[in-house]
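K.L.:
Supplied structure: work22.txt, compact mmCIF, C-alpha atoms and all ligand atoms.
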# COMPACT_ATOMS: atom_id res chain seq x y z
CA MET A 14 9.41 -3.21 -0.63
CA PHE A 15 6.26 -3.71 1.46
CA LEU A 16 3.94 -6.56 0.51
CA GLY A 17 0.90 -7.77 2.39
CA PRO A 18 -2.87 -8.03 2.25
CA PRO A 19 -5.22 -5.04 2.06
CA GLY A 20 -5.38 -3.14 5.34
CA ALA A 21 -2.24 -4.69 6.85
CA GLY A 22 -0.75 -1.24 7.52
CA LYS A 23 1.76 -1.03 4.63
CA GLY A 24 0.90 2.55 3.70
CA THR A 25 0.96 3.76 7.31
CA GLN A 26 4.43 2.31 7.90
CA ALA A 27 5.73 3.32 4.45
CA VAL A 28 4.95 6.98 5.13
CA ARG A 29 6.76 6.84 8.50
CA LEU A 30 9.80 4.97 7.20
CA ALA A 31 10.17 7.18 4.13
CA ARG A 32 10.02 10.31 6.30
CA ALA A 33 12.49 8.96 8.87
CA ARG A 34 15.04 7.78 6.29
CA HIS A 35 14.55 10.52 3.66
CA LEU A 36 13.31 8.10 1.04
CA ALA A 37 10.60 8.54 -1.57
CA HIS A 38 7.30 6.75 -0.88
CA LEU A 39 6.16 4.99 -4.04
CA SER A 40 2.62 3.65 -3.69
CA THR A 41 0.91 2.38 -6.83
CA GLY A 42 -2.45 2.64 -5.01
CA ASP A 43 -1.80 6.36 -4.32
CA LEU A 44 -0.62 6.93 -7.92
CA LEU A 45 -3.76 5.30 -9.30
CA ARG A 46 -6.13 7.13 -6.90
CA ALA A 47 -4.49 10.46 -7.86
CA ALA A 48 -4.97 9.60 -11.54
CA VAL A 49 -8.65 8.79 -10.89
CA ALA A 50 -9.13 12.07 -9.00
CA GLU A 51 -7.50 14.04 -11.84
CA GLY A 52 -9.49 12.19 -14.50
CA THR A 53 -6.39 11.32 -16.56
CA PRO A 54 -6.57 8.52 -19.20
CA LEU A 55 -4.85 6.21 -16.66
CA GLY A 56 -7.40 7.16 -13.99
CA ARG A 57 -10.35 6.60 -16.34
CA ALA A 58 -9.00 3.16 -17.27
CA ALA A 59 -8.25 2.20 -13.66
CA ASP A 60 -11.36 3.48 -11.86
CA ALA A 61 -13.75 0.56 -12.43
CA HIS A 62 -11.05 -2.00 -11.56
CA ILE A 63 -10.24 -0.26 -8.28
CA ARG A 64 -13.90 0.17 -7.25
CA ALA A 65 -14.55 -3.52 -7.85
CA GLY A 66 -11.44 -4.55 -5.89
CA ARG A 67 -9.71 -6.05 -8.94
CA LEU A 68 -6.12 -5.38 -9.97
CA VAL A 69 -5.48 -2.72 -12.60
CA PRO A 70 -3.92 -4.32 -15.74
CA ASP A 71 -0.15 -4.82 -15.52
CA ASP A 72 0.77 -2.63 -18.51
CA LEU A 73 -1.01 0.41 -17.03
CA VAL A 74 0.52 0.00 -13.56
CA LEU A 75 3.99 -0.66 -14.96
CA GLY A 76 3.84 2.49 -17.08
CA ALA A 77 2.88 4.58 -14.04
CA LEU A 78 5.55 3.05 -11.81
CA ARG A 79 8.29 3.40 -14.42
CA GLU A 80 7.52 7.10 -14.73
CA ARG A 81 7.44 7.52 -10.91
CA ILE A 82 10.74 5.66 -10.31
CA GLY A 83 12.38 7.93 -12.88
CA ARG A 84 11.61 11.12 -10.93
CA SER A 85 14.48 12.84 -9.14
CA ASP A 86 13.22 12.28 -5.57
CA ALA A 87 13.44 8.49 -6.06
CA ARG A 88 17.13 8.52 -6.99
CA ALA A 89 18.35 8.34 -3.38
CA GLY A 90 16.13 5.33 -2.67
CA PHE A 91 12.49 4.55 -2.05
CA VAL A 92 9.95 2.50 -0.15
CA LEU A 93 7.80 0.59 -2.60
CA ASP A 94 4.27 0.10 -1.25
CA GLY A 95 1.68 -2.18 -2.90
CA PHE A 96 3.84 -3.16 -5.87
CA PRO A 97 4.40 -5.75 -7.32
CA ARG A 98 1.03 -7.53 -7.12
CA THR A 99 1.58 -10.11 -9.89
CA LEU A 100 4.49 -12.26 -11.02
CA ALA A 101 4.62 -10.27 -14.28
CA GLN A 102 5.08 -7.05 -12.26
CA ALA A 103 7.78 -8.67 -10.10
CA ARG A 104 9.73 -9.79 -13.18
CA ALA A 105 9.42 -6.34 -14.77
CA LEU A 106 10.69 -4.73 -11.56
CA ASP A 107 13.86 -6.85 -11.71
CA ALA A 108 14.96 -4.72 -14.66
CA MET A 109 14.05 -1.43 -12.94
CA ALA A 110 15.45 -1.61 -9.40
CA GLU A 111 17.70 -3.45 -7.00
CA LEU A 112 15.99 -4.44 -3.76
CA ASP A 113 17.50 -4.31 -0.26
CA ALA A 114 14.61 -6.00 1.52
CA VAL A 115 11.12 -7.30 0.91
CA VAL A 116 8.92 -7.07 3.99
CA SER A 117 5.79 -9.18 4.17
CA PHE A 118 3.17 -7.68 6.54
CA GLU A 119 1.28 -10.49 8.29
CA LEU A 120 -2.05 -10.01 10.09
CA PRO A 121 -5.08 -12.26 10.75
CA GLU A 122 -8.10 -11.61 8.51
CA PRO A 123 -10.48 -10.37 11.28
CA VAL A 124 -7.98 -7.61 12.14
CA LEU A 125 -7.58 -6.68 8.45
CA LEU A 126 -11.36 -6.35 8.14
CA GLU A 127 -11.55 -4.15 11.23
CA ARG A 128 -8.77 -1.87 9.93
CA LEU A 129 -10.39 -1.55 6.47
CA ALA A 130 -13.88 -0.91 7.86
CA GLY A 131 -12.58 1.92 10.08
CA ARG A 132 -10.27 3.59 7.55
CA ARG A 133 -11.10 7.14 6.48
CA ILE A 134 -9.07 9.25 4.06
CA CYS A 135 -8.80 12.92 3.25
CA PRO A 136 -9.81 13.43 -0.41
CA LYS A 137 -7.63 16.56 -0.57
CA CYS A 138 -4.26 15.60 0.95
CA GLY A 139 -4.59 11.78 1.10
CA ALA A 140 -3.97 11.58 4.88
CA VAL A 141 -5.14 8.25 6.31
CA TYR A 142 -7.07 7.90 9.60
CA HIS A 143 -8.83 5.15 11.47
CA VAL A 144 -12.04 5.88 13.37
CA SER A 145 -10.73 4.29 16.59
CA ALA A 146 -6.97 3.58 16.18
CA SER A 147 -5.95 6.98 14.77
CA PRO A 148 -8.94 9.31 14.75
CA PRO A 149 -8.72 12.94 13.63
CA ARG A 150 -8.91 15.63 16.35
CA GLU A 151 -12.33 16.76 15.11
CA PRO A 152 -14.52 13.75 14.18
CA GLY A 153 -14.85 13.31 10.42
CA ARG A 154 -12.48 16.17 9.45
CA CYS A 155 -8.84 16.13 8.32
CA ASP A 156 -6.40 17.57 10.88
CA ARG A 157 -4.33 19.23 8.14
CA ASP A 158 -6.94 20.98 6.02
CA GLY A 159 -10.35 20.52 7.72
CA VAL A 160 -11.79 18.71 4.68
CA GLU A 161 -14.51 16.10 5.32
CA LEU A 162 -13.05 12.58 5.48
CA ARG A 163 -14.35 9.79 3.24
CA GLN A 164 -14.34 6.04 3.07
CA ARG A 165 -12.44 4.58 0.10
CA PRO A 166 -14.93 3.06 -2.40
CA ASP A 167 -12.92 -0.17 -2.36
CA ASP A 168 -13.26 -0.44 1.43
CA ARG A 169 -16.94 -1.42 1.01
CA PRO A 170 -17.42 -5.05 2.14
CA GLU A 171 -18.21 -6.32 -1.42
CA ALA A 172 -14.94 -4.90 -2.78
CA VAL A 173 -12.94 -6.02 0.27
CA SER A 174 -13.88 -9.66 -0.24
CA VAL A 175 -12.75 -9.42 -3.90
CA ARG A 176 -9.46 -7.76 -2.83
CA LEU A 177 -8.71 -10.53 -0.32
CA ARG A 178 -9.39 -13.21 -2.94
CA VAL A 179 -7.28 -11.40 -5.56
CA TYR A 180 -4.46 -11.11 -3.01
CA ALA A 181 -4.51 -14.86 -2.32
CA GLU A 182 -4.67 -15.78 -6.00
CA GLN A 183 -2.39 -13.24 -7.65
CA THR A 184 -0.10 -11.70 -5.02
CA GLU A 185 0.76 -14.63 -2.75
CA PRO A 186 2.79 -16.17 -5.62
CA VAL A 187 4.86 -12.95 -5.54
CA LEU A 188 5.75 -13.68 -1.88
CA ALA A 189 7.00 -17.12 -2.97
CA TYR A 190 9.05 -15.47 -5.75
CA TYR A 191 11.00 -13.37 -3.21
CA ARG A 192 11.09 -16.13 -0.56
CA GLU A 193 12.86 -18.42 -3.02
CA ARG A 194 15.46 -15.70 -3.59
CA GLY A 195 16.05 -15.29 0.16
CA LEU A 196 14.76 -11.68 0.21
CA LEU A 197 11.44 -12.08 2.07
CA ARG A 198 11.28 -10.87 5.69
CA PRO A 199 7.98 -11.64 7.51
CA LEU A 200 6.72 -8.89 9.82
CA ASP A 201 4.12 -9.34 12.57
CA ALA A 202 1.88 -6.35 11.71
CA SER A 203 -0.35 -6.62 14.81
CA GLY A 204 -0.42 -4.11 17.65
CA SER A 205 -0.22 -0.32 17.58
CA THR A 206 1.46 1.62 14.76
CA ASP A 207 4.37 2.43 17.14
CA GLU A 208 4.83 -1.25 18.00
CA VAL A 209 4.83 -2.23 14.32
CA ALA A 210 7.29 0.59 13.52
CA ARG A 211 9.66 -0.66 16.25
CA ARG A 212 9.46 -4.23 14.94
CA LEU A 213 10.03 -3.02 11.39
CA ASN A 214 13.09 -0.99 12.38
CA ALA A 215 14.56 -3.95 14.27
CA LEU A 216 13.99 -6.15 11.23
CA LEU A 217 15.65 -3.63 8.87
CA GLU A 218 18.57 -2.98 11.28
CA GLY A 219 19.24 -6.71 11.18
CA GLU A 220 19.83 -6.52 7.39
P1 LIG B 1 -3.64 -0.10 -2.52
O1 LIG B 1 -3.92 1.29 -2.19
O2 LIG B 1 -2.23 -0.56 -2.71
O3 LIG B 1 -4.37 -0.99 -1.45
P2 LIG B 1 -3.95 -2.30 -0.63
O4 LIG B 1 -2.67 -2.96 -0.96
O5 LIG B 1 -5.15 -3.16 -0.76
O6 LIG B 1 -3.61 -1.77 0.72
P3 LIG B 1 -4.41 -0.78 1.57
O7 LIG B 1 -4.13 0.63 1.12
O8 LIG B 1 -5.86 -1.19 1.62
O9 LIG B 1 -3.87 -1.07 3.01
P4 LIG B 1 -2.49 -0.78 3.73
O10 LIG B 1 -1.81 -2.08 3.99
O11 LIG B 1 -1.69 0.28 3.05
O12 LIG B 1 -3.07 -0.26 5.11
P5 LIG B 1 -3.11 1.22 5.76
O13 LIG B 1 -1.75 1.60 6.21
O14 LIG B 1 -3.86 2.18 4.89
O15 LIG B 1 -4.43 -0.54 -3.84
C1 LIG B 1 -5.77 -0.17 -4.05
C2 LIG B 1 -6.19 -0.69 -5.41
O16 LIG B 1 -5.40 -0.07 -6.45
C3 LIG B 1 -6.02 -2.20 -5.66
O17 LIG B 1 -7.10 -2.96 -5.17
C4 LIG B 1 -5.91 -2.24 -7.17
O18 LIG B 1 -7.16 -2.09 -7.78
C5 LIG B 1 -5.08 -1.00 -7.48
N1 LIG B 1 -3.63 -1.27 -7.43
C6 LIG B 1 -2.71 -0.74 -6.57
N2 LIG B 1 -1.48 -1.20 -6.83
C7 LIG B 1 -1.62 -2.06 -7.86
C8 LIG B 1 -0.70 -2.89 -8.56
N3 LIG B 1 0.60 -2.93 -8.25
N4 LIG B 1 -1.18 -3.65 -9.58
C9 LIG B 1 -2.48 -3.63 -9.92
N5 LIG B 1 -3.41 -2.87 -9.29
C10 LIG B 1 -2.97 -2.10 -8.26
O19 LIG B 1 -3.98 0.88 7.07
C11 LIG B 1 -5.35 0.50 6.96
C12 LIG B 1 -6.13 1.14 8.12
O20 LIG B 1 -5.62 0.62 9.36
C13 LIG B 1 -5.98 2.66 8.21
O21 LIG B 1 -7.18 3.20 8.69
C14 LIG B 1 -4.85 2.87 9.26
O22 LIG B 1 -5.01 4.09 9.97
C15 LIG B 1 -5.09 1.66 10.18
N6 LIG B 1 -3.86 1.14 10.76
C16 LIG B 1 -2.64 1.01 10.17
N7 LIG B 1 -1.76 0.45 11.02
C17 LIG B 1 -2.45 0.20 12.18
C18 LIG B 1 -2.09 -0.36 13.43
N8 LIG B 1 -0.85 -0.81 13.68
N9 LIG B 1 -3.05 -0.46 14.39
C19 LIG B 1 -4.31 -0.02 14.16
N10 LIG B 1 -4.71 0.55 12.99
C20 LIG B 1 -3.78 0.65 12.00
Here is the file; what I need is its structure written in the form of structure tokens.
Ligand code: AP5

P.N.:
Amino acid sequence: MFLGPPGAGKGTQAVRLARARHLAHLSTGDLLRAAVAEGTPLGRAADAHIRAGRLVPDDLVLGALRERIGRSDARAGFVLDGFPRTLAQARALDAMAELDAVVSFELPEPVLLERLAGRRICPKCGAVYHVSASPPREPGRCDRDGVELRQRPDDRPEAVSVRLRVYAEQTEPVLAYYRERGLLRPLDASGSTDEVARRLNALLEGE
């Protein structure tokens, strides 16, 4: 499980780790954004919360995650990215899955802000870029499908400040929940994506 503030690099590392270890990548943020894009009832209920930087209500997120964990590709194991965000979600997860490790991505706020401000995503395939750290080959266009890249609506400064406050108020208690159970592993998430991946692998090998 990857926990950490917005922009810490959880999604970037989750994609790499899942690919390298043949695990499913379960991101509640990705599930919710897909639901918004498809206009499903979940997406319609979640959209305003996401745009404002607030958490989506627990019952909606839990329903989506339960359905996702039940799919066949998750049976061999998964990397959980961006879940749980509240103590209620953490307690509900106890009944759904057994955890090997909980990694807490740690990064100073100025670096988080720089990563969020420069993030661009492909609206078609969901690929994530950064204007300076991992730019596409052709500026503003996805390498995979040539579609024009966009900024996430919740990466606007107004929403980012709400997300950071919500993280401190609602998700930091979740870190304490796993720390008390001896599961939490802090990860220095600074440096390049390769450096973070090496540190993450060393941390997981030590399990
Ligand atoms: P979600 O999508 O989970 O957002 P988040 O947790 O705020 O995390 P981010 O996606 O912003 O950042 P990340 O840590 O994955 O960083 P990334 O790898 O992309 O949630 C979005 C919203 O959905 C929430 O606000 C909420 O409304 C709702 N939601 C989701 N889950 C929920 C839940 N469980 N309960 C309730 N509501 C929920 O990297 C960021 C940028 O930095 C990218 O541009 C990347 O290219 C770049 N980068 C990454 N690593 C590096 C590096 N090492 N060096 C330089 N640049 C880097």

K.L.:
Could you check the closest approach to ligand LIG 1 (chain B) for each of A:Cys138, A:Leu196, A:Ala37, A:Leu45 and tell me which residue wins, using only C-alpha atoms and all ligand atoms?

P.N.:
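Smallest separation from ligand LIG 1 (chain B) among the options: A:Leu45.
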
K.L.:
May I have the residues within 7 Å of ligand LIG 1 (chain B), computed using all atoms listed in the file, as an MDAnalysis selection string?

P.N.:
chainID A and resid 17:26 40:43 45 62:63 66:71 74 94:98 128:129 131:133 141:143 146:147 176 202:206 209

K.L.:
State, in Å with one decimal place, the distance from atom CA of Phe15 of chain A to atom CA of Glu218 of chain A.

P.N.:
15.8 Å

K.L.:
Mind giving me the straight-line distance from atom CA of Pro186 of chain A to atom CA of Arg34 of chain A in Å, one decimal?

P.N.:
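Computing the Euclidean distance for atom CA of Pro186 of chain A and atom CA of Arg34 of chain A yields 29.4 Å.
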
K.L.:
Please determine, counting only C-alpha atoms, which residue among A:Glu193, A:Glu171, A:Asp60, A:Glu151 has the shortest atom-to-atom distance to Val115 of chain A.

P.N.:
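Looking only at the distances to Val115 of chain A, the closest residue turns out to be A:Glu193.
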
K.L.:
Calculate how many Å separate atom CA of Arg81 of chain A from atom CA of Leu106 of chain A, rounding to one decimal.

P.N.:
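Interatomic distance, atom CA of Arg81 of chain A to atom CA of Leu106 of chain A: 12.7 Å.
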
K.L.:
Nearest to Val187 of chain A among A:Ala210, A:Pro170, A:Met14, A:Leu125, with distances taken over only C-alpha atoms: which residue is it?

P.N.:
A:Met14

K.L.:
Using all atoms listed in the file, determine which residues lie at most 10 Å from Asp156 of chain A, disregarding the query and same-chain residues fewer than 6 positions distant; provide the list as a list in words.

P.N.:
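Answer for this query is Cys135, Ala140, Tyr142, Pro148, Pro149, Arg150 and Leu162 of chain A.
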
K.L.:
For a quick check of understanding, using all atoms listed in the file, which of A:Glu51, A:Glu161, A:Glu80, A:Asp113 has the smallest distance to Leu197 of chain A?

P.N.:
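Checking each candidate against Leu197 of chain A, we get A:Asp113 as the closest.
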
K.L.:
Which is closest to Leu213 of chain A among A:Leu78, A:Leu93, A:Val116, A:Val179, if we use only C-alpha atoms?

P.N.:
A:Val116

K.L.:
Quick one: of A:Leu73, A:Leu126, A:Ala215, A:Ala48, who's nearest to Leu177 of chain A, counting all atoms listed in the file?

P.N.:
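Under the stated criterion, the closest residue is A:Leu126.
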
K.L.:
Give me the box for segment 147-159 of chain A as AutoDock Vina command-line options, namely the centre and edge lengths in Å to one decimal of a box along x, y and z that holds every listed atom plus 8 Å on each side.

P.N.:
--center_x -9.6 --center_y 14.0 --center_z 11.2 --size_x 26.5 --size_y 30.0 --size_z 26.3
